[in-house]
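**Student:** For reference, the file start_29.pdb (PDB, N, CA and C atoms) is included below:
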```
ATOM      1  N   MET X   1     -15.318 -50.319   6.303
ATOM      2  CA  MET X   1     -14.269 -49.891   5.395
ATOM      3  C   MET X   1     -14.375 -48.393   5.101
ATOM      4  N   LYS X   2     -15.628 -47.895   4.846
ATOM      5  CA  LYS X   2     -15.809 -46.483   4.545
ATOM      6  C   LYS X   2     -15.415 -45.611   5.729
ATOM      7  N   GLU X   3     -15.720 -46.067   6.924
ATOM      8  CA  GLU X   3     -15.392 -45.283   8.108
ATOM      9  C   GLU X   3     -13.887 -45.125   8.259
ATOM     10  N   LYS X   4     -13.130 -46.135   7.936
ATOM     11  CA  LYS X   4     -11.682 -46.072   8.034
ATOM     12  C   LYS X   4     -11.125 -45.057   7.039
ATOM     13  N   ILE X   5     -11.637 -45.028   5.819
ATOM     14  CA  ILE X   5     -11.183 -44.081   4.796
ATOM     15  C   ILE X   5     -11.528 -42.652   5.212
ATOM     16  N   ASN X   6     -12.753 -42.429   5.719
ATOM     17  CA  ASN X   6     -13.160 -41.097   6.154
ATOM     18  C   ASN X   6     -12.291 -40.593   7.303
ATOM     19  N   LYS X   7     -11.942 -41.452   8.235
ATOM     20  CA  LYS X   7     -11.106 -41.044   9.353
ATOM     21  C   LYS X   7      -9.705 -40.677   8.893
ATOM     22  N   GLU X   8      -9.197 -41.373   7.907
ATOM     23  CA  GLU X   8      -7.856 -41.082   7.401
ATOM     24  C   GLU X   8      -7.831 -39.768   6.626
ATOM     25  N   ASN X   9      -8.913 -39.418   5.955
ATOM     26  CA  ASN X   9      -8.959 -38.216   5.136
ATOM     27  C   ASN X   9      -9.232 -36.951   5.942
ATOM     28  N   LYS X  10      -9.790 -37.096   7.128
ATOM     29  CA  LYS X  10     -10.089 -35.922   7.932
ATOM     30  C   LYS X  10      -8.799 -35.334   8.495
ATOM     31  N   MET X  11      -8.746 -34.017   8.455
ATOM     32  CA  MET X  11      -7.571 -33.341   8.991
ATOM     33  C   MET X  11      -7.809 -32.997  10.457
ATOM     34  N   ARG X  12      -6.779 -33.091  11.215
ATOM     35  CA  ARG X  12      -6.877 -32.724  12.612
ATOM     36  C   ARG X  12      -6.847 -31.199  12.735
ATOM     37  N   LEU X  13      -7.339 -30.715  13.843
ATOM     38  CA  LEU X  13      -7.385 -29.278  14.093
ATOM     39  C   LEU X  13      -5.976 -28.686  14.114
ATOM     40  N   ARG X  14      -5.026 -29.404  14.682
ATOM     41  CA  ARG X  14      -3.643 -28.918  14.712
ATOM     42  C   ARG X  14      -3.082 -28.747  13.307
ATOM     43  N   GLU X  15      -3.391 -29.664  12.422
ATOM     44  CA  GLU X  15      -2.910 -29.574  11.038
ATOM     45  C   GLU X  15      -3.517 -28.366  10.335
ATOM     46  N   LYS X  16      -4.794 -28.126  10.561
ATOM     47  CA  LYS X  16      -5.457 -26.961   9.954
ATOM     48  C   LYS X  16      -4.854 -25.665  10.479
ATOM     49  N   ALA X  17      -4.623 -25.604  11.778
ATOM     50  CA  ALA X  17      -4.045 -24.404  12.383
ATOM     51  C   ALA X  17      -2.623 -24.169  11.867
ATOM     52  N   LEU X  18      -1.861 -25.224  11.710
ATOM     53  CA  LEU X  18      -0.502 -25.110  11.193
ATOM     54  C   LEU X  18      -0.500 -24.589   9.760
ATOM     55  N   ILE X  19      -1.389 -25.104   8.937
ATOM     56  CA  ILE X  19      -1.483 -24.636   7.549
ATOM     57  C   ILE X  19      -1.887 -23.168   7.510
ATOM     58  N   LEU X  20      -2.832 -22.773   8.349
ATOM     59  CA  LEU X  20      -3.253 -21.376   8.414
ATOM     60  C   LEU X  20      -2.100 -20.483   8.860
ATOM     61  N   LEU X  21      -1.362 -20.916   9.876
ATOM     62  CA  LEU X  21      -0.234 -20.136  10.377
ATOM     63  C   LEU X  21       0.850 -19.967   9.303
ATOM     64  N   VAL X  22       1.167 -21.019   8.598
ATOM     65  CA  VAL X  22       2.163 -20.945   7.524
ATOM     66  C   VAL X  22       1.689 -20.003   6.421
ATOM     67  N   ALA X  23       0.424 -20.059   6.068
ATOM     68  CA  ALA X  23      -0.118 -19.177   5.037
ATOM     69  C   ALA X  23      -0.045 -17.714   5.468
ATOM     70  N   VAL X  24      -0.347 -17.438   6.728
ATOM     71  CA  VAL X  24      -0.286 -16.064   7.233
ATOM     72  C   VAL X  24       1.153 -15.550   7.216
ATOM     73  N   VAL X  25       2.085 -16.359   7.648
ATOM     74  CA  VAL X  25       3.498 -15.961   7.671
ATOM     75  C   VAL X  25       3.991 -15.691   6.259
ATOM     76  N   ILE X  26       3.678 -16.567   5.331
ATOM     77  CA  ILE X  26       4.095 -16.369   3.935
ATOM     78  C   ILE X  26       3.471 -15.099   3.370
ATOM     79  N   SER X  27       2.212 -14.844   3.675
ATOM     80  CA  SER X  27       1.544 -13.633   3.189
ATOM     81  C   SER X  27       2.205 -12.376   3.749
ATOM     82  N   LEU X  28       2.516 -12.369   5.026
ATOM     83  CA  LEU X  28       3.162 -11.199   5.630
ATOM     84  C   LEU X  28       4.549 -10.945   5.046
ATOM     85  N   ILE X  29       5.310 -11.997   4.852
ATOM     86  CA  ILE X  29       6.644 -11.855   4.265
ATOM     87  C   ILE X  29       6.535 -11.339   2.835
ATOM     88  N   ALA X  30       5.640 -11.902   2.056
ATOM     89  CA  ALA X  30       5.477 -11.468   0.672
ATOM     90  C   ALA X  30       5.008 -10.014   0.603
ATOM     91  N   PHE X  31       4.094  -9.619   1.479
ATOM     92  CA  PHE X  31       3.604  -8.240   1.484
ATOM     93  C   PHE X  31       4.714  -7.265   1.832
ATOM     94  N   SER X  32       5.538  -7.606   2.808
ATOM     95  CA  SER X  32       6.626  -6.700   3.192
ATOM     96  C   SER X  32       7.658  -6.579   2.076
ATOM     97  N   LEU X  33       7.890  -7.641   1.335
ATOM     98  CA  LEU X  33       8.834  -7.578   0.219
ATOM     99  C   LEU X  33       8.281  -6.746  -0.936
ATOM    100  N   ILE X  34       6.974  -6.797  -1.135
ATOM    101  CA  ILE X  34       6.359  -6.044  -2.225
ATOM    102  C   ILE X  34       6.216  -4.576  -1.861
ATOM    103  N   SER X  35       5.859  -4.288  -0.619
ATOM    104  CA  SER X  35       5.552  -2.909  -0.245
ATOM    105  C   SER X  35       6.791  -2.038  -0.080
ATOM    106  N   ALA X  36       7.952  -2.598   0.201
ATOM    107  CA  ALA X  36       9.157  -1.792   0.409
ATOM    108  C   ALA X  36       9.524  -0.977  -0.839
ATOM    109  N   PRO X  37       9.598  -1.566  -2.035
ATOM    110  CA  PRO X  37       9.907  -0.762  -3.219
ATOM    111  C   PRO X  37       8.765   0.199  -3.576
ATOM    112  N   ALA X  38       7.545  -0.167  -3.253
ATOM    113  CA  ALA X  38       6.409   0.698  -3.577
ATOM    114  C   ALA X  38       6.482   2.003  -2.798
ATOM    115  N   VAL X  39       6.944   1.949  -1.552
ATOM    116  CA  VAL X  39       7.062   3.162  -0.736
ATOM    117  C   VAL X  39       8.098   4.093  -1.353
ATOM    118  N   ASP X  40       9.203   3.544  -1.827
ATOM    119  CA  ASP X  40      10.227   4.366  -2.474
ATOM    120  C   ASP X  40       9.692   5.007  -3.741
ATOM    121  N   MET X  41       8.905   4.268  -4.507
ATOM    122  CA  MET X  41       8.339   4.819  -5.742
ATOM    123  C   MET X  41       7.381   5.959  -5.436
ATOM    124  N   VAL X  42       6.628   5.856  -4.350
ATOM    125  CA  VAL X  42       5.707   6.928  -3.974
ATOM    126  C   VAL X  42       6.488   8.178  -3.597
ATOM    127  N   LYS X  43       7.588   8.016  -2.867
ATOM    128  CA  LYS X  43       8.409   9.169  -2.494
ATOM    129  C   LYS X  43       8.997   9.844  -3.724
ATOM    130  N   VAL X  44       9.493   9.066  -4.668
ATOM    131  CA  VAL X  44      10.067   9.622  -5.891
ATOM    132  C   VAL X  44       8.985  10.335  -6.696
ATOM    133  N   GLY X  45       7.821   9.744  -6.798
ATOM    134  CA  GLY X  45       6.717  10.366  -7.528
ATOM    135  C   GLY X  45       6.260  11.663  -6.888
ATOM    136  N   LYS X  46       6.229  11.697  -5.580
ATOM    137  CA  LYS X  46       5.830  12.913  -4.872
ATOM    138  C   LYS X  46       6.842  14.026  -5.123
ATOM    139  N   GLN X  47       8.127  13.709  -5.079
ATOM    140  CA  GLN X  47       9.175  14.701  -5.324
ATOM    141  C   GLN X  47       9.098  15.206  -6.761
ATOM    142  N   ALA X  48       8.872  14.317  -7.710
ATOM    143  CA  ALA X  48       8.749  14.729  -9.108
ATOM    144  C   ALA X  48       7.539  15.637  -9.286
ATOM    145  N   GLY X  49       6.455  15.338  -8.608
ATOM    146  CA  GLY X  49       5.265  16.191  -8.681
ATOM    147  C   GLY X  49       5.538  17.580  -8.151
ATOM    148  N   TYR X  50       6.278  17.664  -7.038
ATOM    149  CA  TYR X  50       6.642  18.973  -6.497
ATOM    150  C   TYR X  50       7.493  19.766  -7.494
ATOM    151  N   GLU X  51       8.426  19.092  -8.145
ATOM    152  CA  GLU X  51       9.279  19.774  -9.116
ATOM    153  C   GLU X  51       8.473  20.269 -10.317
ATOM    154  N   ILE X  52       7.515  19.479 -10.779
ATOM    155  CA  ILE X  52       6.678  19.885 -11.906
ATOM    156  C   ILE X  52       5.855  21.107 -11.529
ATOM    157  N   ILE X  53       5.262  21.099 -10.356
ATOM    158  CA  ILE X  53       4.453  22.242  -9.904
ATOM    159  C   ILE X  53       5.325  23.480  -9.744
ATOM    160  N   THR X  54       6.517  23.316  -9.181
ATOM    161  CA  THR X  54       7.429  24.448  -9.004
ATOM    162  C   THR X  54       7.807  25.050 -10.346
ATOM    163  N   ASN X  55       8.138  24.203 -11.329
ATOM    164  CA  ASN X  55       8.497  24.702 -12.664
ATOM    165  C   ASN X  55       7.316  25.402 -13.313
ATOM    166  N   TRP X  56       6.128  24.860 -13.160
ATOM    167  CA  TRP X  56       4.947  25.480 -13.774
ATOM    168  C   TRP X  56       4.666  26.842 -13.141
ATOM    169  N   LEU X  57       4.786  26.905 -11.815
ATOM    170  CA  LEU X  57       4.552  28.174 -11.130
ATOM    171  C   LEU X  57       5.613  29.218 -11.489
ATOM    172  N   ALA X  58       6.843  28.782 -11.724
ATOM    173  CA  ALA X  58       7.909  29.712 -12.088
ATOM    174  C   ALA X  58       7.656  30.313 -13.468
ATOM    175  N   LYS X  59       7.029  29.565 -14.361
ATOM    176  CA  LYS X  59       6.752  30.051 -15.715
ATOM    177  C   LYS X  59       5.446  30.828 -15.804
ATOM    178  N   ALA X  60       4.562  30.648 -14.849
ATOM    179  CA  ALA X  60       3.240  31.270 -14.902
ATOM    180  C   ALA X  60       3.342  32.769 -14.637
ATOM    181  N   ASP X  61       2.446  33.530 -15.273
ATOM    182  CA  ASP X  61       2.368  34.962 -15.020
ATOM    183  C   ASP X  61       1.660  35.182 -13.695
ATOM    184  N   VAL X  62       2.250  36.011 -12.881
ATOM    185  CA  VAL X  62       1.659  36.301 -11.580
ATOM    186  C   VAL X  62       0.778  37.531 -11.729
ATOM    187  N   PRO X  63      -0.505  37.440 -11.398
ATOM    188  CA  PRO X  63      -1.373  38.611 -11.513
ATOM    189  C   PRO X  63      -0.961  39.684 -10.507
ATOM    190  N   SER X  64      -1.259  40.936 -10.864
ATOM    191  CA  SER X  64      -0.889  42.015  -9.963
ATOM    192  C   SER X  64      -1.677  41.886  -8.662
ATOM    193  N   HIS X  65      -1.067  42.316  -7.612
ATOM    194  CA  HIS X  65      -1.669  42.194  -6.286
ATOM    195  C   HIS X  65      -2.709  43.290  -6.084
ATOM    196  N   ARG X  66      -3.898  42.887  -5.729
ATOM    197  CA  ARG X  66      -4.950  43.857  -5.425
ATOM    198  C   ARG X  66      -4.996  44.060  -3.930
ATOM    199  N   PRO X  67      -5.130  45.303  -3.477
ATOM    200  CA  PRO X  67      -5.211  45.506  -2.030
ATOM    201  C   PRO X  67      -6.529  44.929  -1.477
ATOM    202  N   ILE X  68      -6.448  44.414  -0.295
ATOM    203  CA  ILE X  68      -7.622  43.844   0.352
ATOM    204  C   ILE X  68      -8.437  44.982   0.937
ATOM    205  N   THR X  69      -9.685  45.030   0.553
ATOM    206  CA  THR X  69     -10.557  46.078   1.084
ATOM    207  C   THR X  69     -11.502  45.464   2.091
ATOM    208  N   ARG X  70     -11.746  46.201   3.123
ATOM    209  CA  ARG X  70     -12.671  45.725   4.146
ATOM    210  C   ARG X  70     -14.055  46.268   3.851
ATOM    211  N   SER X  71     -15.031  45.408   3.961
ATOM    212  CA  SER X  71     -16.401  45.872   3.834
ATOM    213  C   SER X  71     -16.977  46.038   5.242
ATOM    214  N   VAL X  72     -17.507  47.213   5.495
ATOM    215  CA  VAL X  72     -17.992  47.510   6.856
ATOM    216  C   VAL X  72     -19.478  47.375   6.911
TER     217      VAL X  72
END
```
Could you show the structure in this file as structure tokens?
**Tutor:**
Amino acid sequence: MKEKINKENKMRLREKALILLVAVVISLIAFSLISAPAVDMVKVGKQAGYEIITNWLAKADVPSHRPITRSV
């Protein structure tokens, strides 16, 4: 009787492979759906950072230019 129950509860290799394949497909689909908006947010953040740096540099005092001297 115990042997019959154990045989029924064991999963076949094909079933395990199918479950693994479905899990991988679901993970890839979910990752692609999550990462698409994240890429756009990174681009927007990078552009905003450039604008902040540009504004800061425009307001900053520029030191006078010193001539480059060569040491011989």
**Student:** As an exercise, work out the distance from atom N of Val25 of chain X to atom C of Leu13 of chain X in Å and give it to one decimal place.
**Tutor:**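 For atom N of Val25 of chain X relative to atom C of Leu13 of chain X, the distance reads 16.1 Å.
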**Student:** Mind pulling up the distance from atom C of Ala58 of chain X to atom CA of Lys46 of chain X?
**Tutor:**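 These atoms are spaced 19.5 Å apart.
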**Student:** Return the padded bounding box of segment 25-34 of chain X as AutoDock Vina command-line options: axis-aligned, built from all atoms listed in the file, 6 Å added on each side, with centre and edge lengths in Å to one decimal.
**Tutor:**
```
--center_x 5.2 --center_y -10.6 --center_z 2.7 --size_x 19.3 --size_y 24.0 --size_z 21.9
```
**Student:** How many Å separate atom C of Ala60 of chain X from atom CA of Val44 of chain X?
**Tutor:**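 So the two atoms, atom C of Ala60 of chain X and atom CA of Val44 of chain X, lie 25.6 Å apart.
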